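All remarks here apply to the structure that follows.
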Protein chains: 2
Amino acid sequence: MARWEPNARERLSKAALELFQERGFDETAVADIAERAGLTERTFFRYFADKREVLFGGSSELHDLLIGSIATAPATAGPLETVAVALQASAAMFEERRKFAKVRQAVISAHPALRERELIKLVSLAEAMAEALQRRGVAEPAAALAAEAGMSVFKLAFARWTEDDEQPLSRHLREAMEQLKSLTAGSGGPSRSGRGRRAAPRRRPAARSRER
Amino acid sequence: MARWEPNARERLSKAALELFQERGFDETAVADIAERAGLTERTFFRYFADKREVLFGGSSELHDLLIGSIATAPATAGPLETVAVALQASAAMFEERRKFAKVRQAVISAHPALRERELIKLVSLAEAMAEALQRRGVAEPAAALAAEAGMSVFKLAFARWTEDDEQPLSRHLREAMEQLKSLTAGSGGPSRSGRGRRAAPRRRPAARSRER
């Protein structure tokens with residue numbers, strides 16, 4: 001008879017991540033995870049469809065948070081600003097599970113098929129964000145570009161955050177967004193003047209280092 | 001005994017694309033493709049490892065073109081401008097095989113596994129572009145952001161081009177790049193989103209064709 005186990009989901013997640021790191025994802029069976037967590041396989045399958053879902057089960061929560069934030073962002077916010085607000089809202093969620101997020105990232109990075117799954121998840125999230133922007137009245141191509149640019153910012157900020165024990169994700173997100181803006185503003189060449197679309201005649205190293 | 005068949009690769013590609021559209025990718029066998037092309041299966045396998053390669057075999061050519069263009073872009077070009085130069089270089093390649101590109105896109109869009117393969121190919125291309133930018137001395141995160149932003153521009157421009165029989169890809173690329181710039185420049189209100197809709201304001205064809 002099934003009995004209620006306190007924190008079963010968390011215990012299973014933690015056990016799974018430990019084993020994925022110790023043995024590798026392919027070498028870990030659900031039975032091993034359940035054993036490590038002191039629970040049964042049956043309990044595992046009450047929470048997860050398979051072992052991959054331990055890694056990807058959080059994505060619907062992230063999806064809902066991003067889409068909900070886009071829907072409720074201030075009406076005055078432009079497309080990219082709206083995406084920035086949504087990404088900031090997700091930062092708190094990741095911050096709460098920082099250790100899980102870091103180990104998860106390491107496990108995924110080490111496994112090509114999981115990396116592909118993660119990429120596809122991020123692309124789907126960007127598509128969903130673009131649709132949410134459209135529902136706010138943002139026209140294409142601004143919606144798709146803002147969502148994809150936002151996702152690039154997120155990937156970069158997230159990667160830095162998992163390598164860094166100092167700064168919160170929210171700060172990495174702000175910094176990466178600023179970097180994107182200065183990059184697109186300065187893309188006419190090393191000259192920072194947005195109007196200077198012709199190849200600039202001489203280098204301006206100071207401007208360059210700001211850009212990069 | 002194998003004999004040389006004129007335009008065998010082109011005939012096989014064309015036959016494969018026709019069949020993928022008529023019957024679907026999964027329902028088409030290599031034998032069908034060879035038959036439609038009036039060639040043997042053996043000839044097919046001299047050109048392609050499998051039927052999927054008919055769709056994805058061009059990606060190393062695109063890779064080399066993009067990476068080569070980044071390496072040889074003017075030293076004065078900023079990161080995003082360098083990516084824009086590379087994308088423009090690819091436009092001629094796609095223009096030459098416009099019909100193939102369009103049908104290919106329709107086949108891929110209709111098949112989730114092929115869509116995933118295409119996504120992963122585009123992400124790999126963006127990673128390779130980021131590395132090529134780094135070799136030019138572009139620091140992170142500018143390299144990754146410029147490459148990813150460029151890939152977003154490419155995807156958008158390419159999608160519009162496959163739906164449009166009027167404008168060349170090079171023009172869609174320029175317009176999408178302008179739209180990205182105005183999006184990141186405009187942190188303000190929703191009026192910006194409407195702006196992205198118009199064709200790029202005030203074209204300056206002479207100056208543009210010199211730089212791109």
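Starting from 1 in every chain, residues are counted up; chains themselves are A, B, ... following the order of the structure tokens, and ligands are numbered from 1 as listed.
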Next on the checklist: Using every Cα, in order, as the fitting set, what is the least-squares RMSD of chain A against chain B?
Outcome noted: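 6.8 Å is the C-alpha RMSD between the two chains.
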Next on the checklist: Give me, as a PyMOL selection string, all polymer residues having an atom no more than 8 Å from stretch 60-66 of chain B, counting only C-alpha atoms and skipping those fewer than 5 positions away in the same chain.
Outcome noted: chain B and resi 86-87+89-90+125+128-129
Checklist entry - Taking into account only C-alpha atoms, which residue in the set B:Leu122, B:Leu39, B:Val30, B:Val138 is nearest to chain A? => result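 Smallest distance to chain A is found for B:Val138.
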Checklist entry - To one decimal place, how far is atom CA of B:Lys102 from atom CA of B:Thr162 in Å? => result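 Atom-to-atom, atom CA of B:Lys102 and atom CA of B:Thr162 are spaced 5.3 Å apart.
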Item to check | Two-atom distance - atom CA of B:Glu53, atom CA of B:His172 (Å) | outcome: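 Taking atom CA of B:Glu53 and atom CA of B:His172, their separation equals 27.2 Å.
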Item to check | Spatial neighbours of B:Glu18, max dist 10 Å, only C-alpha atoms, sep filter under 4 positions, as a PyMOL selection string | outcome: chain B and resi 12-14+22-24+28+33+36+100+103-104+107
